[in-house]
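K.L.:
Supplied in structure tokens, the structure appears directly below.
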Amino acid sequence: MDVTIRTFVGDADACFDVVHHAATDAATRALAARSGLVWVDVLDPTEEEFAPFVATMGLDKLAVEDALTVHERPKSLRYGEIMFVTVYTITEDGTTSRLSLFLFEHGVLTVRLGHGFPVEEVAATISDNADLLQYGPKSLELMLLDAVVDGYTARITAVDERLDDVETFLFDGRSSDRVSQVTFDLHKQVGALRRIVLPMRDVVGSVLRRVSVAPDLRELLPYAEDVYDHTMRAADWTEGLRDAVESVRSTNLALVDNQLNTVMKKLTSWAAIIAVPTAITGYFGQNVPYPGFGKEWGFWLSLLTMLALAGGLYAAFKRRGWL
């Protein structure tokens with residue numbers, strides 16, 4: 001477990017006073033402070049290591065269980081006076097991790113499972129919008145969720161660009177196997193995105209409702225609405241990606257079927273053409289007399305008949321596009 005304490009100071013040079021590798025008791029004292037704004041970040045804690053936070057800050061056991069469990073649905077719940085939010089984060093290359101937030105009167109406790117959330121970059125971005133931090137933990141919560149949604153957008157953009165690449169060689173008749181493999185992989189990636197992004201609508205929506213009904217947070221309302229708009233855009237984009245992937249898969253299957261039909265028509269056409277000389281040579285190969293039997297002109301008659309009928313069939317099939 002690694003603990004980092006960031007205390008909002010609001011200086012022009014530094015937004016936060018940062019203490020890396022802090023002790024657990026120092027972190028709990030900072031969160032229990034009656035003034036200021038403190039952000040305590042805890043990375044990969046075990047249940048035993050996190051126990052002092054639970055005991056000192058009075059965290060609900062259900063919220064703690066959700067925060068320390070990898071596979072939990074994103075949610076936003078209130079346990080007494082403490083607001084709890086847990087979400088998934090994702091990087092552009094598809095690396096996922098968990099981020100949980102406990103909101104106190106003058107502090108925010110974040111619990112990260114995995115290194116996928118670029119907390120240092122996010123802290124720098126928050127520093128650029130330090131004027132919002134005067135509204136307390138709710139503003140910090142909004143900026144953290146905004147960073148999470150930005151990660152969704154970056155990942156969705158990467159998947160969308162890869163899908164565009166697939167569409168460029170979709171109609172290359174020699175790439176059907178490649179298209180099938182890539183679209184199957186994209187289908188799994190979009191499915192994972194949907195499980196992460198879609199529940200985020202309810203999480204950010206609940207935050208927006210809390211901000212909209214709090215008179216002292218009116219200045220945060222436009223920012224909350226912007227985060228919600230980005231979340232809805234990411235969710236709609238994810239749904240559109242699923243439909244686009246399915247469209248590419250269906251188109252590829254249709255092209256494969258068309259190629260198979262073309263091959264079957266060609267095989268059938270050549271079989272019909274080859275059947276003509278087979279039938280004629282079989283006729284002229286009879287062991288009983290027939291017109292031209294034992295005559296030189298009988299050979300030429302059979303040859304010309306084969307050429308005429310086979311050529312006629314070839315021309316007819318070619319005109320219909322079968323050859």
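Labeling convention for the structure tokens: chains A, B, ... as they appear, residues from 1 per chain, ligands from 1 in order of appearance.
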Could you list, as a short mmCIF file (atom, residue, chain, number, x, y, z; two decimals) with all heavy atoms, in the first residue's frame, every residue within 9 Å of range 125-140 of chain A, counting only C-alpha atoms and ignoring same-chain residues fewer than 2 positions away?
P.N.:
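This is the output file part_27.cif:
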```
data_model
loop_
_atom_site.label_atom_id
_atom_site.label_comp_id
_atom_site.auth_asym_id
_atom_site.auth_seq_id
_atom_site.Cartn_x
_atom_site.Cartn_y
_atom_site.Cartn_z
N PHE A 8 -4.67 21.09 -0.13
CA PHE A 8 -4.88 22.28 -0.97
C PHE A 8 -4.38 23.53 -0.23
O PHE A 8 -4.82 23.83 0.88
CB PHE A 8 -6.36 22.43 -1.29
CG PHE A 8 -6.69 23.66 -2.08
CD1 PHE A 8 -6.14 23.89 -3.33
CD2 PHE A 8 -7.57 24.61 -1.55
CE1 PHE A 8 -6.45 25.04 -4.04
CE2 PHE A 8 -7.89 25.75 -2.26
CZ PHE A 8 -7.32 25.96 -3.51
N GLY A 10 -3.47 26.47 -2.43
CA GLY A 10 -3.92 27.57 -3.28
C GLY A 10 -2.87 28.59 -3.61
O GLY A 10 -3.21 29.72 -4.01
N ALA A 14 2.17 26.49 -6.31
CA ALA A 14 1.78 25.10 -6.07
C ALA A 14 0.36 25.06 -5.52
O ALA A 14 0.05 25.73 -4.52
CB ALA A 14 2.75 24.43 -5.10
N CYS A 15 -0.47 24.24 -6.17
CA CYS A 15 -1.85 24.12 -5.71
C CYS A 15 -1.93 23.21 -4.48
O CYS A 15 -2.74 23.46 -3.58
CB CYS A 15 -2.70 23.55 -6.84
SG CYS A 15 -4.41 23.22 -6.40
N PHE A 16 -1.10 22.15 -4.47
CA PHE A 16 -1.14 21.18 -3.39
C PHE A 16 0.21 21.12 -2.67
O PHE A 16 1.27 21.25 -3.30
CB PHE A 16 -1.47 19.78 -3.92
CG PHE A 16 -2.86 19.63 -4.46
CD1 PHE A 16 -3.08 19.50 -5.82
CD2 PHE A 16 -3.95 19.59 -3.61
CE1 PHE A 16 -4.36 19.34 -6.32
CE2 PHE A 16 -5.23 19.44 -4.10
CZ PHE A 16 -5.45 19.32 -5.46
N GLY A 36 -10.04 23.40 5.60
CA GLY A 36 -9.18 23.12 4.47
C GLY A 36 -9.75 22.04 3.57
O GLY A 36 -10.90 21.62 3.69
N LEU A 37 -8.92 21.57 2.64
CA LEU A 37 -9.30 20.52 1.72
C LEU A 37 -8.11 19.57 1.56
O LEU A 37 -7.02 20.01 1.21
CB LEU A 37 -9.70 21.10 0.36
CG LEU A 37 -10.03 20.07 -0.74
CD1 LEU A 37 -11.23 19.22 -0.33
CD2 LEU A 37 -10.31 20.78 -2.07
N VAL A 38 -8.36 18.30 1.81
CA VAL A 38 -7.30 17.29 1.77
C VAL A 38 -7.72 16.18 0.81
O VAL A 38 -8.88 15.74 0.82
CB VAL A 38 -7.02 16.70 3.17
CG1 VAL A 38 -5.99 15.59 3.08
CG2 VAL A 38 -6.56 17.79 4.10
N TRP A 39 -6.77 15.74 0.02
CA TRP A 39 -6.98 14.60 -0.87
C TRP A 39 -5.96 13.53 -0.48
O TRP A 39 -4.75 13.72 -0.64
CB TRP A 39 -6.82 15.03 -2.33
CG TRP A 39 -6.82 13.89 -3.31
CD1 TRP A 39 -7.23 12.60 -3.11
CD2 TRP A 39 -6.37 13.95 -4.68
NE1 TRP A 39 -7.08 11.85 -4.25
CE2 TRP A 39 -6.56 12.66 -5.22
CE3 TRP A 39 -5.85 14.96 -5.48
CZ2 TRP A 39 -6.21 12.36 -6.56
CZ3 TRP A 39 -5.52 14.67 -6.79
CH2 TRP A 39 -5.71 13.38 -7.33
N LEU A 103 -16.12 10.68 0.26
CA LEU A 103 -16.18 12.12 0.42
C LEU A 103 -16.54 12.47 1.86
O LEU A 103 -17.58 12.02 2.39
CB LEU A 103 -17.22 12.73 -0.52
CG LEU A 103 -16.75 13.09 -1.94
CD1 LEU A 103 -16.42 11.83 -2.74
CD2 LEU A 103 -17.81 13.89 -2.67
N PHE A 104 -15.67 13.25 2.48
CA PHE A 104 -15.89 13.74 3.84
C PHE A 104 -16.18 15.25 3.79
O PHE A 104 -16.21 15.85 2.73
CB PHE A 104 -14.68 13.43 4.71
CG PHE A 104 -14.31 11.97 4.72
CD1 PHE A 104 -13.30 11.49 3.88
CD2 PHE A 104 -14.96 11.08 5.56
CE1 PHE A 104 -12.96 10.16 3.89
CE2 PHE A 104 -14.63 9.74 5.56
CZ PHE A 104 -13.63 9.27 4.72
N GLU A 105 -16.33 15.83 4.95
CA GLU A 105 -16.68 17.25 5.00
C GLU A 105 -15.58 18.13 4.43
O GLU A 105 -15.86 19.10 3.72
CB GLU A 105 -16.97 17.67 6.45
CG GLU A 105 -17.44 19.10 6.58
CD GLU A 105 -17.76 19.48 8.02
OE1 GLU A 105 -17.60 18.61 8.90
OE2 GLU A 105 -18.17 20.63 8.24
N HIS A 106 -14.33 17.79 4.70
CA HIS A 106 -13.21 18.60 4.22
C HIS A 106 -12.13 17.75 3.54
O HIS A 106 -10.98 18.18 3.47
CB HIS A 106 -12.58 19.38 5.38
CG HIS A 106 -13.47 20.40 5.99
ND1 HIS A 106 -13.78 21.59 5.38
CD2 HIS A 106 -14.18 20.38 7.16
CE1 HIS A 106 -14.61 22.28 6.14
NE2 HIS A 106 -14.87 21.57 7.22
N GLY A 107 -12.51 16.60 3.05
CA GLY A 107 -11.49 15.77 2.42
C GLY A 107 -12.08 14.71 1.52
O GLY A 107 -13.28 14.39 1.58
N VAL A 108 -11.21 14.17 0.68
CA VAL A 108 -11.57 13.08 -0.23
C VAL A 108 -10.53 11.98 -0.08
O VAL A 108 -9.32 12.24 -0.13
CB VAL A 108 -11.62 13.56 -1.70
CG1 VAL A 108 -11.87 12.38 -2.63
CG2 VAL A 108 -12.68 14.62 -1.88
N GLU A 120 -0.86 11.45 -11.11
CA GLU A 120 -0.01 12.64 -11.13
C GLU A 120 -0.45 13.61 -12.22
O GLU A 120 -0.49 14.83 -12.01
CB GLU A 120 1.46 12.23 -11.34
CG GLU A 120 2.04 11.40 -10.21
CD GLU A 120 2.11 12.18 -8.90
OE1 GLU A 120 2.12 13.44 -8.95
OE2 GLU A 120 2.15 11.56 -7.83
N GLU A 121 -0.79 13.09 -13.40
CA GLU A 121 -1.28 13.94 -14.48
C GLU A 121 -2.61 14.59 -14.10
O GLU A 121 -2.85 15.76 -14.41
CB GLU A 121 -1.43 13.13 -15.76
CG GLU A 121 -0.13 12.55 -16.32
CD GLU A 121 -0.36 11.72 -17.56
OE1 GLU A 121 -1.47 11.83 -18.14
OE2 GLU A 121 0.55 10.97 -17.95
N VAL A 122 -3.46 13.81 -13.45
CA VAL A 122 -4.75 14.34 -13.04
C VAL A 122 -4.57 15.45 -12.00
O VAL A 122 -5.25 16.48 -12.04
CB VAL A 122 -5.64 13.21 -12.49
CG1 VAL A 122 -6.93 13.77 -11.89
CG2 VAL A 122 -5.96 12.21 -13.60
N ALA A 123 -3.65 15.25 -11.07
CA ALA A 123 -3.38 16.28 -10.06
C ALA A 123 -2.89 17.57 -10.70
O ALA A 123 -3.26 18.68 -10.27
CB ALA A 123 -2.36 15.76 -9.05
N LEU A 142 -15.82 16.01 -8.82
CA LEU A 142 -16.18 16.28 -10.21
C LEU A 142 -14.96 16.24 -11.12
O LEU A 142 -15.00 15.66 -12.22
CB LEU A 142 -16.86 17.63 -10.33
CG LEU A 142 -18.37 17.67 -10.09
CD1 LEU A 142 -18.86 19.10 -10.09
CD2 LEU A 142 -19.09 16.86 -11.16
N MET A 143 -13.85 16.81 -10.66
CA MET A 143 -12.66 16.84 -11.51
C MET A 143 -12.04 15.46 -11.67
O MET A 143 -11.52 15.11 -12.73
CB MET A 143 -11.65 17.84 -10.95
CG MET A 143 -12.06 19.29 -11.21
SD MET A 143 -10.79 20.50 -10.79
CE MET A 143 -11.15 20.72 -9.05
N LEU A 144 -12.13 14.64 -10.64
CA LEU A 144 -11.64 13.26 -10.77
C LEU A 144 -12.52 12.46 -11.73
O LEU A 144 -12.00 11.71 -12.58
CB LEU A 144 -11.63 12.60 -9.38
CG LEU A 144 -10.54 13.08 -8.42
CD1 LEU A 144 -10.78 12.51 -7.03
CD2 LEU A 144 -9.16 12.69 -8.92
N LEU A 145 -13.82 12.62 -11.62
CA LEU A 145 -14.71 11.92 -12.54
C LEU A 145 -14.53 12.42 -13.97
O LEU A 145 -14.63 11.64 -14.93
CB LEU A 145 -16.16 12.09 -12.10
CG LEU A 145 -16.55 11.42 -10.78
CD1 LEU A 145 -18.02 11.69 -10.46
CD2 LEU A 145 -16.30 9.91 -10.85
N ALA A 147 -11.74 13.41 -15.25
CA ALA A 147 -10.52 12.75 -15.75
C ALA A 147 -10.81 11.30 -16.14
O ALA A 147 -10.27 10.79 -17.13
CB ALA A 147 -9.43 12.81 -14.68
N VAL A 207 -24.34 12.60 -9.28
CA VAL A 207 -23.51 13.74 -8.85
C VAL A 207 -24.12 15.04 -9.34
O VAL A 207 -24.19 16.04 -8.60
CB VAL A 207 -22.07 13.58 -9.39
CG1 VAL A 207 -21.23 14.81 -9.06
CG2 VAL A 207 -21.42 12.33 -8.80
N VAL A 211 -25.39 18.25 -7.01
CA VAL A 211 -24.87 19.61 -7.20
C VAL A 211 -26.01 20.58 -7.50
O VAL A 211 -26.04 21.71 -7.01
CB VAL A 211 -23.81 19.62 -8.33
CG1 VAL A 211 -23.42 21.06 -8.68
CG2 VAL A 211 -22.58 18.82 -7.91
N ASP A 216 -25.21 26.17 -2.31
CA ASP A 216 -23.84 26.66 -2.19
C ASP A 216 -22.93 26.11 -3.29
O ASP A 216 -21.75 26.47 -3.35
CB ASP A 216 -23.26 26.28 -0.83
CG ASP A 216 -23.31 24.78 -0.58
OD1 ASP A 216 -24.23 24.12 -1.10
OD2 ASP A 216 -22.43 24.26 0.14
N LEU A 217 -23.46 25.24 -4.16
CA LEU A 217 -22.64 24.66 -5.23
C LEU A 217 -23.12 25.10 -6.61
O LEU A 217 -22.81 24.46 -7.62
CB LEU A 217 -22.67 23.13 -5.15
CG LEU A 217 -22.10 22.50 -3.87
CD1 LEU A 217 -22.25 20.99 -3.91
CD2 LEU A 217 -20.64 22.88 -3.68
N GLU A 219 -22.18 27.41 -8.49
CA GLU A 219 -21.08 27.72 -9.41
C GLU A 219 -20.50 26.45 -10.04
O GLU A 219 -19.86 26.52 -11.10
CB GLU A 219 -19.98 28.48 -8.67
CG GLU A 219 -20.42 29.83 -8.12
CD GLU A 219 -20.84 30.78 -9.24
OE1 GLU A 219 -20.25 30.70 -10.34
OE2 GLU A 219 -21.77 31.59 -9.01
N LEU A 220 -20.71 25.31 -9.40
CA LEU A 220 -20.19 24.05 -9.94
C LEU A 220 -21.14 23.42 -10.96
O LEU A 220 -20.76 22.48 -11.65
CB LEU A 220 -19.95 23.04 -8.81
CG LEU A 220 -18.72 23.23 -7.94
CD1 LEU A 220 -18.68 22.14 -6.86
CD2 LEU A 220 -17.45 23.18 -8.78
N TYR A 223 -20.00 23.02 -14.59
CA TYR A 223 -18.94 22.01 -14.69
C TYR A 223 -19.53 20.61 -14.58
O TYR A 223 -19.15 19.70 -15.33
CB TYR A 223 -17.91 22.24 -13.59
CG TYR A 223 -16.62 21.47 -13.77
CD1 TYR A 223 -15.60 21.96 -14.57
CD2 TYR A 223 -16.45 20.24 -13.16
CE1 TYR A 223 -14.43 21.24 -14.74
CE2 TYR A 223 -15.29 19.52 -13.33
CZ TYR A 223 -14.28 20.02 -14.11
OH TYR A 223 -13.13 19.31 -14.29
N ALA A 224 -20.49 20.43 -13.66
CA ALA A 224 -21.14 19.13 -13.50
C ALA A 224 -21.92 18.75 -14.75
O ALA A 224 -21.90 17.59 -15.20
CB ALA A 224 -22.06 19.14 -12.29
#
```
K.L.:
Leaving out Pro74 in chain A and any residue of its chain fewer than 6 positions from it, which residues lie within 8 Å of it when counting only C-alpha atoms, given as a PyMOL selection string?
P.N.:
chain A and resi 85-88+196+199-200+203
K.L.:
Just to be explicit: take each residue in the selection above, keep N, CA, C and O atoms, and write the result as a CSV table (one decimal), in the first residue's frame.
P.N.:
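Listed below is the output, out.csv:
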```csv
chain,number,residue,atom,x,y,z
A,85,VAL,N,-18.3,6.7,-4.0
A,85,VAL,CA,-18.4,6.5,-5.5
A,85,VAL,C,-17.3,5.5,-5.9
A,85,VAL,O,-16.2,5.6,-5.4
A,86,THR,N,-17.7,4.6,-6.7
A,86,THR,CA,-16.7,3.6,-7.3
A,86,THR,C,-16.9,3.5,-8.8
A,86,THR,O,-18.0,3.3,-9.2
A,87,VAL,N,-15.8,3.6,-9.5
A,87,VAL,CA,-15.9,3.5,-11.0
A,87,VAL,C,-14.7,2.8,-11.5
A,87,VAL,O,-13.7,2.5,-10.8
A,88,TYR,N,-14.7,2.4,-12.8
A,88,TYR,CA,-13.6,1.9,-13.5
A,88,TYR,C,-12.9,3.0,-14.3
A,88,TYR,O,-13.5,3.9,-14.8
A,196,ILE,N,-18.1,-0.8,-18.7
A,196,ILE,CA,-17.5,0.2,-18.0
A,196,ILE,C,-18.2,1.6,-18.1
A,196,ILE,O,-18.4,2.3,-17.1
A,199,PRO,N,-22.7,2.2,-17.1
A,199,PRO,CA,-23.1,2.5,-15.8
A,199,PRO,C,-22.6,3.8,-15.3
A,199,PRO,O,-23.2,4.4,-14.3
A,200,MET,N,-21.6,4.4,-15.9
A,200,MET,CA,-21.1,5.7,-15.5
A,200,MET,C,-22.2,6.8,-15.7
A,200,MET,O,-22.1,7.8,-15.0
A,203,VAL,N,-23.8,7.2,-12.4
A,203,VAL,CA,-22.9,7.7,-11.4
A,203,VAL,C,-22.9,9.2,-11.5
A,203,VAL,O,-23.1,10.0,-10.6
```
K.L.:
Among range 105-171 of chain A, which residues carry a DSSP assignment of alpha helix (DSSP H), reported as a PyMOL selection string?
P.N.:
chain A and resi 119-128+137-168
K.L.:
Measuring between only C-alpha atoms, which one of A:Ala308, A:Leu255, A:Leu241, A:Val190 shows the shortest distance to Ile273 in chain A?
P.N.:
A:Ala308
K.L.:
Excluding range 155-160 of chain A and any residue of its chain fewer than 3 positions from it, enumerate the residues within 9 Å of it, using only C-alpha atoms, and give them as a list in words.
P.N.:
Ile90, Thr91, Glu92, Asp93, Gly94, Asp150, Gly151, Tyr152, Leu163, Asp164, Asp165, Leu186, Gln189, Val190, Leu193, Ala234, Trp237, Thr238 and Leu241 of chain A
K.L.:
Those selected residues, please, written with N, CA and C atoms and delivered as a PDB file, in the first residue's frame.
P.N.:
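Printed below is out00.pdb as written:
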```
ATOM      1  N   ILE A  90      -9.903   3.564 -17.440  1.00  0.00           N
ATOM      2  CA  ILE A  90      -9.316   2.849 -18.572  1.00  0.00           C
ATOM      3  C   ILE A  90      -8.362   3.784 -19.307  1.00  0.00           C
ATOM      4  N   THR A  91      -7.259   3.222 -19.761  1.00  0.00           N
ATOM      5  CA  THR A  91      -6.279   4.000 -20.507  1.00  0.00           C
ATOM      6  C   THR A  91      -6.510   3.814 -21.997  1.00  0.00           C
ATOM      7  N   GLU A  92      -5.766   4.562 -22.801  1.00  0.00           N
ATOM      8  CA  GLU A  92      -5.945   4.499 -24.254  1.00  0.00           C
ATOM      9  C   GLU A  92      -5.625   3.119 -24.810  1.00  0.00           C
ATOM     10  N   ASP A  93      -4.699   2.397 -24.168  1.00  0.00           N
ATOM     11  CA  ASP A  93      -4.342   1.062 -24.656  1.00  0.00           C
ATOM     12  C   ASP A  93      -5.233  -0.030 -24.081  1.00  0.00           C
ATOM     13  N   GLY A  94      -6.228   0.328 -23.275  1.00  0.00           N
ATOM     14  CA  GLY A  94      -7.194  -0.641 -22.779  1.00  0.00           C
ATOM     15  C   GLY A  94      -6.929  -1.158 -21.379  1.00  0.00           C
ATOM     16  N   ASP A 150     -12.600  11.367 -19.460  1.00  0.00           N
ATOM     17  CA  ASP A 150     -11.636  11.681 -20.524  1.00  0.00           C
ATOM     18  C   ASP A 150     -10.867  10.434 -20.942  1.00  0.00           C
ATOM     19  N   GLY A 151     -10.555   9.570 -19.985  1.00  0.00           N
ATOM     20  CA  GLY A 151      -9.911   8.301 -20.320  1.00  0.00           C
ATOM     21  C   GLY A 151     -10.812   7.422 -21.163  1.00  0.00           C
ATOM     22  N   TYR A 152     -12.114   7.430 -20.863  1.00  0.00           N
ATOM     23  CA  TYR A 152     -13.058   6.680 -21.693  1.00  0.00           C
ATOM     24  C   TYR A 152     -13.030   7.184 -23.137  1.00  0.00           C
ATOM     25  N   LEU A 163     -11.266   0.555 -35.990  1.00  0.00           N
ATOM     26  CA  LEU A 163     -12.392   0.098 -36.812  1.00  0.00           C
ATOM     27  C   LEU A 163     -12.345   0.753 -38.189  1.00  0.00           C
ATOM     28  N   ASP A 164     -11.966   2.032 -38.251  1.00  0.00           N
ATOM     29  CA  ASP A 164     -11.817   2.707 -39.542  1.00  0.00           C
ATOM     30  C   ASP A 164     -10.745   2.017 -40.394  1.00  0.00           C
ATOM     31  N   ASP A 165      -9.666   1.564 -39.758  1.00  0.00           N
ATOM     32  CA  ASP A 165      -8.617   0.854 -40.487  1.00  0.00           C
ATOM     33  C   ASP A 165      -9.152  -0.454 -41.079  1.00  0.00           C
ATOM     34  N   LEU A 186     -12.322  -6.576 -31.768  1.00  0.00           N
ATOM     35  CA  LEU A 186     -12.997  -5.305 -31.512  1.00  0.00           C
ATOM     36  C   LEU A 186     -14.330  -5.512 -30.800  1.00  0.00           C
ATOM     37  N   GLN A 189     -13.564  -5.884 -27.221  1.00  0.00           N
ATOM     38  CA  GLN A 189     -13.146  -4.613 -26.632  1.00  0.00           C
ATOM     39  C   GLN A 189     -14.337  -3.678 -26.413  1.00  0.00           C
ATOM     40  N   VAL A 190     -15.233  -3.625 -27.384  1.00  0.00           N
ATOM     41  CA  VAL A 190     -16.418  -2.765 -27.245  1.00  0.00           C
ATOM     42  C   VAL A 190     -17.323  -3.293 -26.131  1.00  0.00           C
ATOM     43  N   LEU A 193     -15.879  -2.125 -22.979  1.00  0.00           N
ATOM     44  CA  LEU A 193     -16.136  -0.689 -22.840  1.00  0.00           C
ATOM     45  C   LEU A 193     -17.565  -0.425 -22.369  1.00  0.00           C
ATOM     46  N   ALA A 234     -19.806   9.722 -24.428  1.00  0.00           N
ATOM     47  CA  ALA A 234     -19.013   8.491 -24.433  1.00  0.00           C
ATOM     48  C   ALA A 234     -19.914   7.258 -24.491  1.00  0.00           C
ATOM     49  N   TRP A 237     -21.415   7.023 -27.992  1.00  0.00           N
ATOM     50  CA  TRP A 237     -20.358   6.632 -28.920  1.00  0.00           C
ATOM     51  C   TRP A 237     -20.063   5.137 -28.790  1.00  0.00           C
ATOM     52  N   THR A 238     -20.089   4.635 -27.554  1.00  0.00           N
ATOM     53  CA  THR A 238     -19.850   3.214 -27.339  1.00  0.00           C
ATOM     54  C   THR A 238     -20.949   2.376 -27.975  1.00  0.00           C
ATOM     55  N   LEU A 241     -20.387   2.357 -31.628  1.00  0.00           N
ATOM     56  CA  LEU A 241     -19.283   1.464 -31.990  1.00  0.00           C
ATOM     57  C   LEU A 241     -19.748   0.016 -32.063  1.00  0.00           C
TER      58      LEU A 241
END
```
K.L.:
Using only C-alpha atoms, which protein or nucleic acid residues come within 12 Å of Thr28 in chain A? Drop anything in the same chain fewer than 6 positions from it, and give the result as a list of chain:residue names.
P.N.:
A:Val3, A:Thr4, A:Ile5, A:Ala22, A:Val38, A:Trp39, A:Val40, A:Asp41, A:Val42, A:Phe50, A:Ala51, A:Pro52, A:Phe53, A:Val54, A:Ala55, A:Thr56, A:Met57, A:Gly58, A:Leu59, A:Phe104, A:Gly107, A:Val108, A:Leu109
K.L.:
Given only C-alpha atoms as the basis, pick out the residue of A:Asp202, A:Glu161, A:Glu246, A:Asp44 nearest to Leu77 in chain A.
P.N.:
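Ranked by minimum distance to Leu77 in chain A, first place goes to A:Asp202.
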K.L.:
So the first atom is CA of Trp270 in chain A and the second is CA of Asp257 in chain A; what is the distance between them in Å, to one decimal place?
P.N.:
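CA of Asp257 in chain A lies at a distance of 20.0 Å from CA of Trp270 in chain A.
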K.L.:
In Å, with one decimal, what is the gap from CA of Glu47 in chain A to CA of Leu68 in chain A?
P.N.:
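We find that CA of Glu47 in chain A and CA of Leu68 in chain A lie 7.3 Å from each other.
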K.L.:
Determine which residues of range 1-204 of chain A DSSP labels as strand (DSSP E or B) from the backbone of this structure, then write them out as a CSV table (one decimal) with C-alpha atoms, in the first residue's frame.
P.N.:
```csv
chain,number,residue,atom,x,y,z
A,2,ASP,CA,1.2,3.5,-0.9
A,3,VAL,CA,-0.4,6.6,0.6
A,4,THR,CA,-0.1,10.1,-0.8
A,5,ILE,CA,-1.5,13.2,1.0
A,6,ARG,CA,-2.3,16.3,-1.0
A,7,THR,CA,-3.4,19.4,0.9
A,8,PHE,CA,-4.9,22.3,-1.0
A,16,PHE,CA,-1.1,21.2,-3.4
A,17,ASP,CA,1.3,20.5,-0.6
A,18,VAL,CA,2.2,16.9,-1.4
A,19,VAL,CA,3.5,14.2,1.0
A,38,VAL,CA,-7.3,17.3,1.8
A,39,TRP,CA,-7.0,14.6,-0.9
A,40,VAL,CA,-5.6,11.3,0.4
A,41,ASP,CA,-4.8,8.7,-2.3
A,42,VAL,CA,-4.3,5.1,-1.3
A,43,LEU,CA,-2.8,2.6,-3.9
A,75,LYS,CA,-22.1,3.1,-8.3
A,76,SER,CA,-22.7,6.2,-6.2
A,77,LEU,CA,-24.2,5.7,-2.8
A,78,ARG,CA,-24.5,7.5,0.5
A,79,TYR,CA,-23.5,5.8,3.8
A,82,ILE,CA,-20.1,9.8,3.8
A,83,MET,CA,-20.6,9.8,0.0
A,84,PHE,CA,-19.1,6.8,-1.7
A,85,VAL,CA,-18.4,6.5,-5.5
A,86,THR,CA,-16.7,3.6,-7.3
A,87,VAL,CA,-15.9,3.5,-11.0
A,88,TYR,CA,-13.6,1.9,-13.5
A,89,THR,CA,-10.8,3.8,-15.2
A,90,ILE,CA,-9.3,2.8,-18.6
A,96,THR,CA,-8.4,-0.9,-16.7
A,97,SER,CA,-8.3,-0.2,-13.0
A,98,ARG,CA,-10.6,0.7,-10.1
A,99,LEU,CA,-11.1,4.1,-8.5
A,100,SER,CA,-13.2,4.6,-5.4
A,101,LEU,CA,-13.9,7.8,-3.6
A,102,PHE,CA,-15.0,8.5,0.0
A,103,LEU,CA,-16.2,12.1,0.4
A,107,GLY,CA,-11.5,15.8,2.4
A,108,VAL,CA,-11.6,13.1,-0.2
A,109,LEU,CA,-10.1,9.6,0.2
A,110,THR,CA,-9.4,7.8,-3.1
A,111,VAL,CA,-8.6,4.1,-3.3
A,112,ARG,CA,-7.0,2.8,-6.4
A,113,LEU,CA,-6.7,-0.8,-7.5
```
